Structure formats: C-alpha cells, structure tokens
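Student: Would you mind keeping the following structure in view while I ask a few things?
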Amino acid sequence: QAAKPHVVVLATGGTIAGAGASAANSATYAAAKVPVDKLLAGLPELSSVAKVSGEQVFQIASESFTNEHLLKLGQRVSALAKQEDVDGIVITHGTDTLEETAYFLNLVVRTAKPIVVVGSMRPGTALSADGALNLYDAVSVAASKDAGGKGVLVTMNDEIQSGRDVSKTINIKTEAFKSQWGPLGMVVEGRNYWFRAPAKRHTTGSEFNIDDIQALPAVDIVYGYGNMNTTGIEAYGKAGVKALIHAGTGNGSVAAQAVPALQALRAQGVQVIRSARVPDGFVLRNAEQPDDKYDWVVAHDLRPQKARILAMVALTRTQDSKELQRIFWEY
Ligand SMILES: NC(=O)C[C@H](N)C(=O)O
C-alpha cells in the first residue's frame with residue numbers, strides 16, 4: 001500500500017481555534033485559543049486521508065494580521081512547498097481576513113502543490129461547529145493530486161473556492177464564503193468534484209516570488225460615501241502611502257470634491273487605484289472617471305481589500321502605472 005500524502009497544517013489562530021463559554025455561544029467566544037496539536041488530535045479521521053503534521057505559526061484573530069504576518073507565513077509556506085517530503089499545505093486562519101492571506105499566497109508562492117486556507121464561522125465548542133468538517137475537507141483537498149496547479153484554494157462549507165475570487169460575505173452564517181464567479185468545485189466525503197479552473201495568473205505562473213520580497217510598501221484604502229470629504233485622502237498622502245485604493249461607489253465612481261485630492265496624490269507619485277465598495281461586478285477603465293487622463297489604475301473585479309494585496313505585491317517590482325494596470329488585468 002502506498003504511503004499516505006504528507007500534509008502540513010500551519011495554524012495561525014482565528015475562530016477555528018476559538019473557544020466559547022457554552023455550546024450555545026456560536027458568536028460570543030474568544031478566537032485563537034486552541035493549539036494546533038489539540039485541533040488535530042480532535043480529528044482522528046484525518047489519519048485516513050493523510051499523514052498530518054502541525055505547526056503553530058501564530059495564534060491570533062485574523063483581523064490583527066499585519067504585513068509582517070503575511071511575509072512570515074508566505075516564507076514558511078514557500079519553504080515547506082520546496083520540501084520533497086511535503087505534498088500539500090493547509091493554513092488554518094481566522095475568516096475575517098482569510099481572503100487577503102489566500103490571495104497573497106496565490107500571488108507569491110511558486111508551487112504547484114496544493115495550498116488550502118481554511119477557517120470556521122463557529123468555535124469548536126459551539127453547537128453545529130463547522131471547523132472540524134472544514135479542516136477535514138482542507139486536509140483531504142491538500143492531500144489530493146488533482147488539487148495541484150489550481151492556485152491557493154479555500155475550503156469552507158463543502159465548497160472549494162479560488163483564493164483569488166472568494167470573499168467573506170456574511171458575518172454569522174456558515175455559508176459565508178462566496179465568489180461572484182462561483183466555486184471551483186466541491187469536496188464531499190474526502191472526494192473532490194471540479195467544475196471550473198482559475199483564469200488568472202497564480203503561483204507557478206506568477207512573476208512574483210515571496211523568496212524575493214523582504215518588505216511590503218504602505219498601501220491603504222479610503223471608502224467612498226455620500227458627503228465624501230478629503231480628510232482621509234490627504235492624511236494618507238501625508239503619511240507617505242505608496243498607493244491608495246479608492247473603494248468607490250457604484251462602478252468605482254469618485255465624488256467631484258475628492259477628485260482634486262486624488263490628482264494631487266498622483267502628482268506626488270502615489271498610485272491611485274479605483275475599486276468599488278459594491279460586492280460584485282468590476283470597475284471599467286475610463287468609465288465614471290478618465291483614468292487615462294489622470295493616470296489612475298482600475299482594480300478590475302478585485303474588492304478593495306484584495307486590490308490592496310495585489311498593489312503591495314506589484315509595487316515590489318514596478319512603480320509604473322501602466323505596468324500596474326497590466327498586473328491588475330492579469331492577476
Ligand atoms: N470567524 C472568524 O474566524 C472571525 C475571527 N474574528 C477571525 O477572523 O479571526
């Protein structure tokens with residue numbers, strides 16, 4: 001009998017490692033409490049799909065993830081992926097910023113081995129806790145050859161999602177992770193069922209490599225709304241931001257009173273990237289605002305928080321707005 005695939009589980013905290021005072025506490029609990037060894041020991045079913053080893057990388061709620069956490073995690077994933085005795089990698093993660101970490105890894109880890117990011121909406125102590133099945137699904141996907149070469153994946157609620165496309169869309173229910181383009185497939189009882197493949201560049205097809213990235217530049221987000229003012233835009237400019245994501249209304253529209261402040265930032269060398277606060281669709285270049293004339297970039301279908309990730313990674317390689325726009329179309 002062939003040896004089982006070796007899957008390394010890198011634990012970072014979140015609700016999947018959370019604990020509440022009683023089983024009725026589905027939403028009131030402390031995140032990042034249960035160590036990885038205990039998480040794995042609580043799921044003996046894992047041994048039937050893979051040889052699993054655990055590593056505690058951080059123990060934090062994901063809303064507190066920083067760029068330093070992203071870099072450290074990315075470096076560890078990259079090192080493990082190069083090891084011959086590792087077949088797949090699972091990252092347990094809080095759900096609040098899970099989509100940002102998954103997209104970051106998708107851009108910078110040069111491997112065709114399966115990488116799966118997973119979390120849960122309820123702590124393990126709650127009634128109908130979702131973490132155990134999500135983790136079982138993550139390990140079984142990471143252990144399967146057919147999950148390789150598809151970019152970084154996310155397994156939540158029986159679905160296999162592209163780490164690029166998926167976002168957290170609701171903060172209570174367990175079917176929280178959705179993509180407007182649909183899941184790549186489903187995982188049921190340890191078997192994968194695929195329905196589509198990612199169209200954008202990722203992992204082995206990426207021009208970015210975590211092994212070459214020592215630091216990430218400052219990129220922040222301003223939100224568009226009625227009665228918009230320029231206080232935030234100006235403050236980020238003064239703070240020395242390298243790119244500013246404008247989470248605009250509708251098709252990334254920008255309030256008339258905010259346009260001169262963004263133009264002033266661009267004149268200082270700051271990249272201005274138009275995304276949208278609406279959950280779906282995509283921002284069209286030169287619609288709503290004359291991007292060519294202002295030398296602005298559009299974020300394509302990336303939500304503001306994902307546009308921040310891509311902008312940071314891209315700015316490690318180029319300061320040219322045309323190049324930046326190419327990257328936003330391709331990734
Ligand atoms: N469901 C969760 O994991 C939420 C938690 N605040 C986290 O992201 O760490």
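Chain identifiers are assigned as A, B, and so on, following the order in which chains appear in the structure tokens; residues are numbered from 1 within each chain, and ligands are numbered from 1 in order of appearance.
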Hey, what's within 9 Å of Pro35 (chain A) if we count only C-alpha atoms and toss same-chain stuff fewer than 6 positions away? As a PyMOL selection string, please?

Tutor: chain A and resi 11+13+17+56+59

Student: Please identify the strand (DSSP E or B) residues within region 34-271 of chain A (assignment by DSSP from backbone atoms) and present them as a VMD selection string.

Tutor: chain A and resid 51 to 60 88 to 92 115 to 118 153 to 156 159 to 162 167 to 168 177 to 178 185 to 188 191 to 194 219 to 223 243 to 249 253 271

Student: For Pro5 (chain A), list every protein, DNA or RNA residue within 10 Å, evaluated using only C-alpha atoms, and leave out those in the same chain fewer than 5 positions away; present the list as a ChimeraX atom specification.

Tutor: /A:49-52,85-88,139-140,142-145

Student: Skipping near chain neighbours, those fewer than 6 positions away, what residues fall within 7 Å of Ser167 (chain A) using only C-alpha atoms, listed as a list in words?

Tutor: Glu99, Phe177, Lys178 and Ser179 of chain A

Student: Identify, on the basis of only C-alpha atoms, every residue whose closest approach to Glu55 (chain A) does not exceed 8 Å; exclude the query and any residue fewer than 5 positions from it along the same chain; express the result as number ranges by chain.

Tutor: A: 8-11, 36

Student: Would you give me, as a tab-separated table, each residue of chain A having an atom within 8 Å of an atom of ligand 1, along with its shortest atom pair and that distance in Å to one decimal, using only C-alpha atoms and all ligand atoms and sorting by chain and residue number?

Tutor:
residue	atom	partner	partner_atom_place_in_ligand_line	distance
A:Gly13	CA	ligand 1	9 (O)	6.6
A:Gly14	CA	ligand 1	9 (O)	3.4
A:Thr15	CA	ligand 1	3 (O)	3.8
A:Ile16	CA	ligand 1	3 (O)	6.2
A:Gly18	CA	ligand 1	3 (O)	8.0
A:Ala31	CA	ligand 1	9 (O)	5.9
A:Ala32	CA	ligand 1	9 (O)	7.1
A:Ile60	CA	ligand 1	9 (O)	6.7
A:Ala61	CA	ligand 1	9 (O)	3.4
A:Ser62	CA	ligand 1	9 (O)	3.9
A:Glu63	CA	ligand 1	8 (O)	5.4
A:Ser64	CA	ligand 1	9 (O)	7.9
A:His93	CA	ligand 1	3 (O)	6.7
A:Gly94	CA	ligand 1	9 (O)	3.3
A:Thr95	CA	ligand 1	3 (O)	3.9
A:Asp96	CA	ligand 1	8 (O)	3.7
A:Thr97	CA	ligand 1	8 (O)	6.0
A:Leu98	CA	ligand 1	8 (O)	7.1
A:Gly119	CA	ligand 1	3 (O)	6.0
A:Ser120	CA	ligand 1	1 (N)	5.4
A:Met121	CA	ligand 1	1 (N)	4.1
A:Arg122	CA	ligand 1	1 (N)	6.3
A:Pro123	CA	ligand 1	1 (N)	7.8
A:Asn171	CA	ligand 1	1 (N)	7.7

Student: With N, CA, C and O atoms retained, write the just-selected residues as a compact mmCIF listing (two decimals), in the first residue's frame.

Tutor:
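Saved the output as selection.txt:
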# COMPACT_ATOMS: atom_id res chain seq x y z
N GLY A 13 -4.49 30.69 14.10
CA GLY A 13 -5.48 31.19 15.06
C GLY A 13 -6.86 31.28 14.45
O GLY A 13 -7.25 30.43 13.66
N GLY A 14 -7.62 32.33 14.81
CA GLY A 14 -8.97 32.50 14.28
C GLY A 14 -10.01 31.71 15.07
O GLY A 14 -9.70 31.05 16.06
N THR A 15 -11.23 31.74 14.57
CA THR A 15 -12.34 31.06 15.23
C THR A 15 -12.21 29.56 15.15
O THR A 15 -12.69 28.83 16.03
N ILE A 16 -11.56 29.05 14.13
CA ILE A 16 -11.37 27.61 14.01
C ILE A 16 -10.55 27.11 15.21
O ILE A 16 -10.62 25.94 15.56
N GLY A 18 -11.02 28.73 18.15
CA GLY A 18 -11.71 29.52 19.18
C GLY A 18 -12.39 28.65 20.21
O GLY A 18 -12.60 27.46 20.01
N ALA A 31 -11.43 33.99 20.04
CA ALA A 31 -10.73 33.36 18.91
C ALA A 31 -9.31 32.99 19.34
O ALA A 31 -8.82 33.48 20.37
N ALA A 32 -8.65 32.14 18.57
CA ALA A 32 -7.22 31.84 18.74
C ALA A 32 -6.87 31.36 20.14
O ALA A 32 -6.06 31.96 20.85
N ILE A 60 -3.49 34.14 16.53
CA ILE A 60 -4.14 35.46 16.55
C ILE A 60 -5.49 35.43 15.82
O ILE A 60 -5.73 34.54 15.00
N ALA A 61 -6.31 36.40 16.13
CA ALA A 61 -7.53 36.61 15.34
C ALA A 61 -7.10 37.30 14.04
O ALA A 61 -6.20 38.13 14.05
N SER A 62 -7.76 36.96 12.94
CA SER A 62 -7.20 37.39 11.65
C SER A 62 -7.37 38.88 11.39
O SER A 62 -6.68 39.43 10.54
N GLU A 63 -8.27 39.54 12.12
CA GLU A 63 -8.39 41.00 11.94
C GLU A 63 -7.10 41.71 12.37
O GLU A 63 -6.86 42.86 12.03
N SER A 64 -6.25 41.01 13.12
CA SER A 64 -4.99 41.60 13.59
C SER A 64 -3.79 41.20 12.73
O SER A 64 -2.64 41.47 13.10
N HIS A 93 -6.94 29.62 9.67
CA HIS A 93 -6.89 31.09 9.65
C HIS A 93 -8.24 31.63 10.10
O HIS A 93 -9.28 31.03 9.81
N GLY A 94 -8.24 32.76 10.77
CA GLY A 94 -9.49 33.45 11.03
C GLY A 94 -10.17 33.83 9.72
O GLY A 94 -9.49 34.05 8.71
N THR A 95 -11.47 33.95 9.74
CA THR A 95 -12.18 34.18 8.47
C THR A 95 -12.21 35.66 8.05
O THR A 95 -12.44 35.95 6.89
N ASP A 96 -11.96 36.56 9.01
CA ASP A 96 -12.15 37.99 8.68
C ASP A 96 -11.22 38.48 7.57
O ASP A 96 -11.64 39.27 6.72
N THR A 97 -9.98 38.04 7.59
CA THR A 97 -9.05 38.46 6.53
C THR A 97 -8.49 37.25 5.77
O THR A 97 -7.47 37.37 5.08
N LEU A 98 -9.17 36.13 5.89
CA LEU A 98 -8.71 34.89 5.23
C LEU A 98 -8.53 35.10 3.72
O LEU A 98 -7.55 34.63 3.12
N GLY A 119 -10.97 28.13 7.53
CA GLY A 119 -11.36 28.72 8.80
C GLY A 119 -12.70 28.16 9.22
O GLY A 119 -13.17 27.15 8.68
N SER A 120 -13.31 28.79 10.18
CA SER A 120 -14.66 28.38 10.56
C SER A 120 -15.42 29.60 11.05
O SER A 120 -14.82 30.60 11.43
N MET A 121 -16.72 29.49 10.99
CA MET A 121 -17.57 30.61 11.42
C MET A 121 -17.97 30.45 12.89
O MET A 121 -18.38 31.41 13.53
N ARG A 122 -17.91 29.21 13.39
CA ARG A 122 -18.26 28.97 14.80
C ARG A 122 -17.08 28.31 15.49
O ARG A 122 -16.37 27.51 14.87
N PRO A 123 -16.89 28.60 16.79
CA PRO A 123 -15.79 27.94 17.50
C PRO A 123 -16.10 26.45 17.68
O PRO A 123 -17.27 26.04 17.61
N ASN A 171 -21.48 37.73 8.18
CA ASN A 171 -20.67 37.52 9.38
C ASN A 171 -21.29 36.59 10.41
O ASN A 171 -20.74 36.43 11.48

Student: Quick one: pick out all alpha helix (DSSP H) residues within region 60-204 of chain A from a backbone DSSP run and write them as a ChimeraX atom specification.

Tutor: /A:67-82,98-108,131-142

Student: For region 113-117 of chain A, list every protein, DNA or RNA residue within 7 Å, evaluated using only C-alpha atoms, and leave out those in the same chain fewer than 5 positions away; present the list as an NGL selection string.

Tutor: :A and (81 or 87-93 or 102 or 138 or 142 or 147-149 or 152-155)

Student: Counting only C-alpha atoms, what is within 9 Å of Arg164 (chain A), bar same-chain residues fewer than 4 positions away, as a short mmCIF file (atom, residue, chain, number, x, y, z; two decimals) with all heavy atoms, in the first residue's frame?

Tutor:
data_model
loop_
_atom_site.label_atom_id
_atom_site.label_comp_id
_atom_site.auth_asym_id
_atom_site.auth_seq_id
_atom_site.Cartn_x
_atom_site.Cartn_y
_atom_site.Cartn_z
N GLU A 99 -9.47 35.83 3.11
CA GLU A 99 -9.40 36.03 1.66
C GLU A 99 -8.16 36.84 1.25
O GLU A 99 -7.66 36.68 0.14
CB GLU A 99 -10.66 36.75 1.20
CG GLU A 99 -10.77 38.19 1.70
CD GLU A 99 -12.20 38.70 1.71
OE1 GLU A 99 -12.98 38.25 2.57
OE2 GLU A 99 -12.55 39.54 0.87
N GLU A 100 -7.68 37.72 2.14
CA GLU A 100 -6.50 38.53 1.83
C GLU A 100 -5.24 37.66 1.87
O GLU A 100 -4.39 37.72 0.97
CB GLU A 100 -6.38 39.71 2.82
CG GLU A 100 -7.55 40.67 2.71
CD GLU A 100 -7.57 41.72 3.81
OE1 GLU A 100 -6.53 42.30 4.13
OE2 GLU A 100 -8.67 41.95 4.36
N ALA A 102 -5.14 34.38 1.56
CA ALA A 102 -5.21 33.38 0.48
C ALA A 102 -4.77 34.01 -0.84
O ALA A 102 -4.02 33.40 -1.61
CB ALA A 102 -6.63 32.82 0.38
N TYR A 103 -5.22 35.24 -1.10
CA TYR A 103 -4.84 35.90 -2.35
C TYR A 103 -3.35 36.22 -2.36
O TYR A 103 -2.66 36.04 -3.38
CB TYR A 103 -5.69 37.16 -2.55
CG TYR A 103 -5.49 37.83 -3.89
CD1 TYR A 103 -5.36 37.09 -5.07
CD2 TYR A 103 -5.46 39.21 -4.00
CE1 TYR A 103 -5.19 37.71 -6.30
CE2 TYR A 103 -5.30 39.84 -5.22
CZ TYR A 103 -5.16 39.10 -6.37
OH TYR A 103 -4.99 39.70 -7.58
N PHE A 104 -2.83 36.67 -1.22
CA PHE A 104 -1.40 36.97 -1.12
C PHE A 104 -0.57 35.72 -1.46
O PHE A 104 0.33 35.77 -2.31
CB PHE A 104 -1.06 37.48 0.29
CG PHE A 104 0.40 37.75 0.51
CD1 PHE A 104 1.03 38.82 -0.09
CD2 PHE A 104 1.17 36.91 1.31
CE1 PHE A 104 2.39 39.07 0.09
CE2 PHE A 104 2.53 37.14 1.50
CZ PHE A 104 3.13 38.23 0.89
N ASN A 106 -1.47 33.11 -3.10
CA ASN A 106 -1.76 32.78 -4.50
C ASN A 106 -0.85 33.55 -5.47
O ASN A 106 -0.47 33.05 -6.53
CB ASN A 106 -3.24 33.14 -4.76
CG ASN A 106 -3.76 32.70 -6.10
OD1 ASN A 106 -3.88 31.52 -6.37
ND2 ASN A 106 -4.09 33.67 -6.96
N LEU A 107 -0.48 34.78 -5.05
CA LEU A 107 0.36 35.63 -5.90
C LEU A 107 1.84 35.34 -5.77
O LEU A 107 2.61 35.56 -6.71
CB LEU A 107 0.14 37.11 -5.53
CG LEU A 107 -1.23 37.71 -5.84
CD1 LEU A 107 -1.34 39.09 -5.18
CD2 LEU A 107 -1.46 37.81 -7.33
N GLY A 151 -3.83 27.10 -8.03
CA GLY A 151 -3.69 28.29 -7.19
C GLY A 151 -4.10 27.96 -5.76
O GLY A 151 -4.47 26.82 -5.45
N VAL A 152 -4.00 28.96 -4.90
CA VAL A 152 -4.35 28.74 -3.49
C VAL A 152 -5.86 28.61 -3.36
O VAL A 152 -6.62 29.39 -3.93
CB VAL A 152 -3.78 29.89 -2.63
CG1 VAL A 152 -4.28 29.80 -1.20
CG2 VAL A 152 -2.25 29.84 -2.68
N LEU A 153 -6.28 27.59 -2.63
CA LEU A 153 -7.70 27.25 -2.53
C LEU A 153 -8.23 27.55 -1.12
O LEU A 153 -7.45 27.66 -0.17
CB LEU A 153 -7.90 25.76 -2.84
CG LEU A 153 -7.35 25.31 -4.20
CD1 LEU A 153 -7.35 23.78 -4.31
CD2 LEU A 153 -8.17 25.93 -5.34
N PRO A 198 -9.26 28.36 -12.51
CA PRO A 198 -8.97 29.81 -12.45
C PRO A 198 -8.43 30.32 -13.79
O PRO A 198 -7.66 29.63 -14.45
CB PRO A 198 -7.90 29.93 -11.37
CG PRO A 198 -7.82 28.62 -10.69
CD PRO A 198 -8.38 27.59 -11.62
N LYS A 200 -6.96 33.48 -14.02
CA LYS A 200 -5.92 34.50 -13.77
C LYS A 200 -4.60 33.84 -13.36
O LYS A 200 -4.58 32.72 -12.87
CB LYS A 200 -6.40 35.44 -12.66
CG LYS A 200 -7.70 36.16 -12.97
CD LYS A 200 -7.56 37.15 -14.11
CE LYS A 200 -8.85 37.94 -14.29
NZ LYS A 200 -8.74 38.88 -15.43
N HIS A 202 -1.34 32.77 -11.34
CA HIS A 202 -1.15 32.45 -9.92
C HIS A 202 0.06 31.56 -9.74
O HIS A 202 0.57 30.96 -10.70
CB HIS A 202 -2.40 31.76 -9.36
CG HIS A 202 -2.73 30.47 -10.05
ND1 HIS A 202 -2.05 29.30 -9.82
CD2 HIS A 202 -3.66 30.17 -11.00
CE1 HIS A 202 -2.56 28.34 -10.58
NE2 HIS A 202 -3.54 28.85 -11.32
N LEU A 302 -11.38 43.10 -8.40
CA LEU A 302 -10.89 42.89 -7.03
C LEU A 302 -11.57 43.85 -6.06
O LEU A 302 -11.63 45.05 -6.29
CB LEU A 302 -9.37 43.10 -6.98
CG LEU A 302 -8.53 42.09 -7.76
CD1 LEU A 302 -7.05 42.48 -7.68
CD2 LEU A 302 -8.74 40.66 -7.25
N LYS A 306 -8.63 43.16 -1.51
CA LYS A 306 -7.79 42.33 -2.38
C LYS A 306 -6.93 43.21 -3.29
O LYS A 306 -5.78 42.88 -3.60
CB LYS A 306 -8.65 41.41 -3.24
CG LYS A 306 -9.42 40.41 -2.40
CD LYS A 306 -9.50 39.08 -3.08
CE LYS A 306 -10.37 38.16 -2.26
NZ LYS A 306 -10.00 36.76 -2.44
N TYR A 331 -3.83 39.37 -12.94
CA TYR A 331 -3.86 38.58 -11.69
C TYR A 331 -5.20 38.66 -10.98
O TYR A 331 -5.36 38.23 -9.88
CB TYR A 331 -2.76 39.04 -10.75
CG TYR A 331 -1.36 38.68 -11.28
CD1 TYR A 331 -0.71 39.50 -12.19
CD2 TYR A 331 -0.72 37.52 -10.86
CE1 TYR A 331 0.54 39.18 -12.69
CE2 TYR A 331 0.53 37.20 -11.34
CZ TYR A 331 1.15 38.03 -12.26
OH TYR A 331 2.40 37.71 -12.74
#

Student: Using only C-alpha atoms, pick whichever of A:Asp158, A:Glu234, A:Asp280, A:Ser321 has the shortest atom-to-atom distance to Pro260 (chain A).

Tutor: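 Of the candidates, the smallest distance to Pro260 (chain A) is held by A:Glu234.
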
Student: To one decimal place, how far is CA of Val272 (chain A) from CA of His246 (chain A) in Å?

Tutor: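 CA of His246 (chain A) lies at a distance of 7.2 Å from CA of Val272 (chain A).
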
Student: Select, from A:Phe208, A:Ala243, A:Ser275, A:Gln305, the residue with the minimum atom-to-atom distance to Arg317 (chain A), counting only C-alpha atoms.

Tutor: A:Phe208
